[in-house]
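Student: Sharing a structure here in structure tokens format.
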Amino acid sequence: MSARKTERLLNLVICLLATRRHLTAEQIRRAVPQYDDCASDEAFRRMFERDKEELRDLGIPLETGSDSVWDDEPGYRIARGDYELQDIALEADEAAAIGLAARLWQTAVLSEPASRAVLKLQAAGIETDGRVSGALEPRVEATEDAFAPLLAAVRAGQAVRFPYRPVGAAAAAERHVEPWGIVSWRGRWYAVGHDRDRGATRVFRLSRVTGDVRPVGAEGAVVPPADVDLVREVAGIAHEEPAATARLRVRAGRAADLRRNAQQESSADGWDVVTHDYADADRFAEWIAGYGADVVVLEPAEVRDAVIRRLRAAAGAV
């Protein structure tokens with residue numbers, strides 16, 4: 001099923017779940033964004049008929065009826081009680097797999113058009129059920145700016161360019177990549193694909209993409225190898241990432257959580273100098289920045305600069 005069709009069917013389900021009333025075909029057409037592209041009423045009718053059959057084939061209980069004896073045209077809805085699953089008992093690995101799959105469906109790439117469908121119903125004066133967004137739009141911890149455009153490129157089968165700063169590098173370099181997929185590994189997001197400049201498979205941590213992700217070439221030009229194991233690729237590179245050590249000045253009596261895994265070197269004038277190991281400069285800097293003025297990075301420069309960027313951004317936001 002194409003990405004566009006998937007989005008349309010998802011929006012249609014949200015539309016029909018978001019109201020207790022039966023909606024006419026014309027009301028549905030105005031609410032679901034993808035139906036606006038239909039060139040004629042007949043084209044919409046054909047697409048809508050196909051979509052109704054598709055939902056029924058997927059096991060979604062689509063009702064046909066009306067709310068009044070005066071309604072000449074039939075309406076449609078999905079009864080929430082019939083749609084929701086009963087309690088399911090899952091093993092730990094099954095729950096983890098479903099949770100990871102759900103994370104990819106909750107990104108702004110899909111949730112924005114779905115939200116527009118509900119807003120259109122509200123604007124038309126149709127009472128909606130506020131619980132729908134919670135049922136169909138769970139939350140995702142994907143704060144990297146590169147996440148949405150890279151996911152869109154994977155779905156579109158399109159190559160991309162972006163600036164990327166590897167571990168230990170002082171500056172970012174341009175990368176030209178055919179993305180095959182995005183993987184979450186131990187709380188971090190990675191893109192896997194073919195690096196055209198190096199002629200090999202490469203893994204890119206999204207937090208190290210330092211600028212815009214720009215599409216290159218035609219959609220559909222990138223086809224992942226049939227035998228590629230994205231998780232294995234990410235697991236291999238993640239284990240190989242070198243650990244490094246930072247030297248920090250910590251205010252006396254503060255940052256107890258940081259001190260638990262740190263080694264103290266010296267103490268003077270109300271400050272302690274400690275060393276702390278880390279694997280990723282950006283992630284470590286984000287943690288250190290949370291201590292504010294109580295922790296100062298002495299070295300290395302990449303961590304110090306990353307902390308300063310975050311503190312300046314926070315000050316600017318305030």
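Simple scheme: letters A, B, ... for chains in structure tokens order, numbers from 1 for residues in each chain, numbers from 1 for ligands in the order shown.
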Mind checking which residues fall within 12 Å of Arg260 of chain A, counting only C-alpha atoms, ignoring those fewer than 6 positions away in the same chain, and posting them as a ChimeraX atom specification?

Tutor: /A:254,274-277

Student: Quick one: write out the picked residues with C-alpha atoms as a PDB file, in the first residue's frame?

Tutor:
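Resulting contents of selection-v5.pdb:
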ATOM      1  CA  ARG A 254      25.888  19.922  43.705  1.00  0.00           C
ATOM      2  CA  VAL A 274      36.194  15.518  38.101  1.00  0.00           C
ATOM      3  CA  THR A 275      36.477  13.260  35.068  1.00  0.00           C
ATOM      4  CA  HIS A 276      33.503  11.466  33.532  1.00  0.00           C
ATOM      5  CA  ASP A 277      33.361   8.967  30.649  1.00  0.00           C
TER       6      ASP A 277
END

Student: Per residue of segment 177-296 of chain A within 8 Å of segment 310-317 of chain A, what are the shortest atom pair and its distance in Å to one decimal, counting only C-alpha atoms, with rows by chain and residue number, as CSV?

Tutor:
residue,atom,partner,partner_atom,distance
A:Glu286,CA,A:Arg310,CA,7.2
A:Ala289,CA,A:Leu311,CA,6.5
A:Gly292,CA,A:Leu311,CA,7.7

Student: Could you jot down the atom CA of Asn11 of chain A to atom CA of Ala218 of chain A separation for me, Å, one decimal place?

Tutor: 26.4 Å

Student: Excluding segment 188-205 of chain A and residues on its chain fewer than 4 positions from it, collect all residues at most 7 Å away from it, counting only C-alpha atoms, and give them as a PyMOL selection string.

Tutor: chain A and resi 176-184+230+234

Student: Skip Lys52 of chain A itself and residues of its chain fewer than 4 positions away, then list as a PyMOL selection string all residues within 12 Å of it, counting only C-alpha atoms.

Tutor: chain A and resi 8-10+12-13+16+25+28+45-48+56-64+76-78

Student: Pick out the residues sitting within 8 Å of Arg161 of chain A, and hand them over as a list in words; count only C-alpha atoms, and ignore anything fewer than 3 positions along from it in its own chain.

Tutor: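 With the cut-off at 8 Å, the set is Glu174, Arg175, His176, Val177, Val213, Arg214, Pro215 and Val216 of chain A.
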
Student: Output the selection as an mmCIF file, in the first residue's frame - C-alpha atoms for each residue.

Tutor:
data_model
loop_
_atom_site.group_PDB
_atom_site.id
_atom_site.type_symbol
_atom_site.label_atom_id
_atom_site.label_comp_id
_atom_site.auth_asym_id
_atom_site.auth_seq_id
_atom_site.Cartn_x
_atom_site.Cartn_y
_atom_site.Cartn_z
ATOM 1 C CA GLU A 174 28.356 16.914 3.387
ATOM 2 C CA ARG A 175 26.926 13.416 2.925
ATOM 3 C CA HIS A 176 24.995 12.113 -0.092
ATOM 4 C CA VAL A 177 22.924 9.136 1.069
ATOM 5 C CA VAL A 213 18.114 17.264 5.108
ATOM 6 C CA ARG A 214 17.593 18.031 1.411
ATOM 7 C CA PRO A 215 15.969 15.600 -1.063
ATOM 8 C CA VAL A 216 17.945 14.753 -4.202
#

Student: Calculated over only C-alpha atoms, which of the candidates A:Ile14, A:Asp212, A:Gln264, A:Arg50 has the smallest distance to Pro33 of chain A?

Tutor: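 Selected residue with least distance to Pro33 of chain A: A:Ile14.
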
Student: What separation in Å, quoted to one decimal, exists between atom CA of Gln158 of chain A and atom CA of Gly220 of chain A?

Tutor: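 One can read the atom CA of Gln158 of chain A to atom CA of Gly220 of chain A distance as 6.0 Å.
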
Student: Just want the 10 Å neighbourhood of Glu26 of chain A, counted on only C-alpha atoms, with same-chain residues fewer than 6 positions away dropped. Output as a list in words.

Tutor: Asp41, Phe44, Arg45 and Gly75 of chain A

Student: Please identify all polymer residues within 10 Å of Ala156 of chain A, counting only C-alpha atoms, omitting same-chain residues fewer than 4 positions from it, and present them as a VMD selection string.

Tutor: chain A and resid 2 to 4 150 to 152 179 215 218 to 223

Student: Keeping only C-alpha atoms, write the selected residues to a file as a PDB file, in the first residue's frame.

Tutor:
ATOM      1  CA  SER A   2       1.394   3.409  -0.970  1.00  0.00           C
ATOM      2  CA  ALA A   3       2.205   5.998   1.690  1.00  0.00           C
ATOM      3  CA  ARG A   4      -0.387   8.385   0.260  1.00  0.00           C
ATOM      4  CA  LEU A 150      14.669  11.402   6.689  1.00  0.00           C
ATOM      5  CA  LEU A 151      11.582   9.318   7.419  1.00  0.00           C
ATOM      6  CA  ALA A 152       9.802  11.063   4.543  1.00  0.00           C
ATOM      7  CA  PRO A 179      18.325   6.083   3.039  1.00  0.00           C
ATOM      8  CA  PRO A 215      15.969  15.600  -1.063  1.00  0.00           C
ATOM      9  CA  ALA A 218      13.355  11.502  -8.167  1.00  0.00           C
ATOM     10  CA  GLU A 219      11.081   9.679  -5.748  1.00  0.00           C
ATOM     11  CA  GLY A 220      11.169   5.906  -6.064  1.00  0.00           C
ATOM     12  CA  ALA A 221      14.808   5.871  -7.152  1.00  0.00           C
ATOM     13  CA  VAL A 222      16.049   4.325  -3.878  1.00  0.00           C
ATOM     14  CA  VAL A 223      15.210   0.671  -3.275  1.00  0.00           C
TER      15      VAL A 223
END

Student: Using backbone DSSP assignments, extract all strand (DSSP E) residues from segment 195-309 of chain A; output them as JSON, numbers by chain.

Tutor: {"A": [195, 200, 201, 202, 203, 204, 205, 214, 215, 216, 244, 245, 246, 247, 248, 249, 250, 251, 263, 264, 265, 266, 267, 268, 271, 272, 273, 274, 275, 276, 277, 278, 295, 296, 297, 298, 299]}

Student: Of the candidates A:His22, A:Asp305, A:Leu248, A:Gly253, which shows the shortest atom-to-atom distance to Ser266 of chain A, using only C-alpha atoms?

Tutor: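 Nearest candidate to Ser266 of chain A out of A:His22, A:Asp305, A:Leu248, A:Gly253: A:Leu248.
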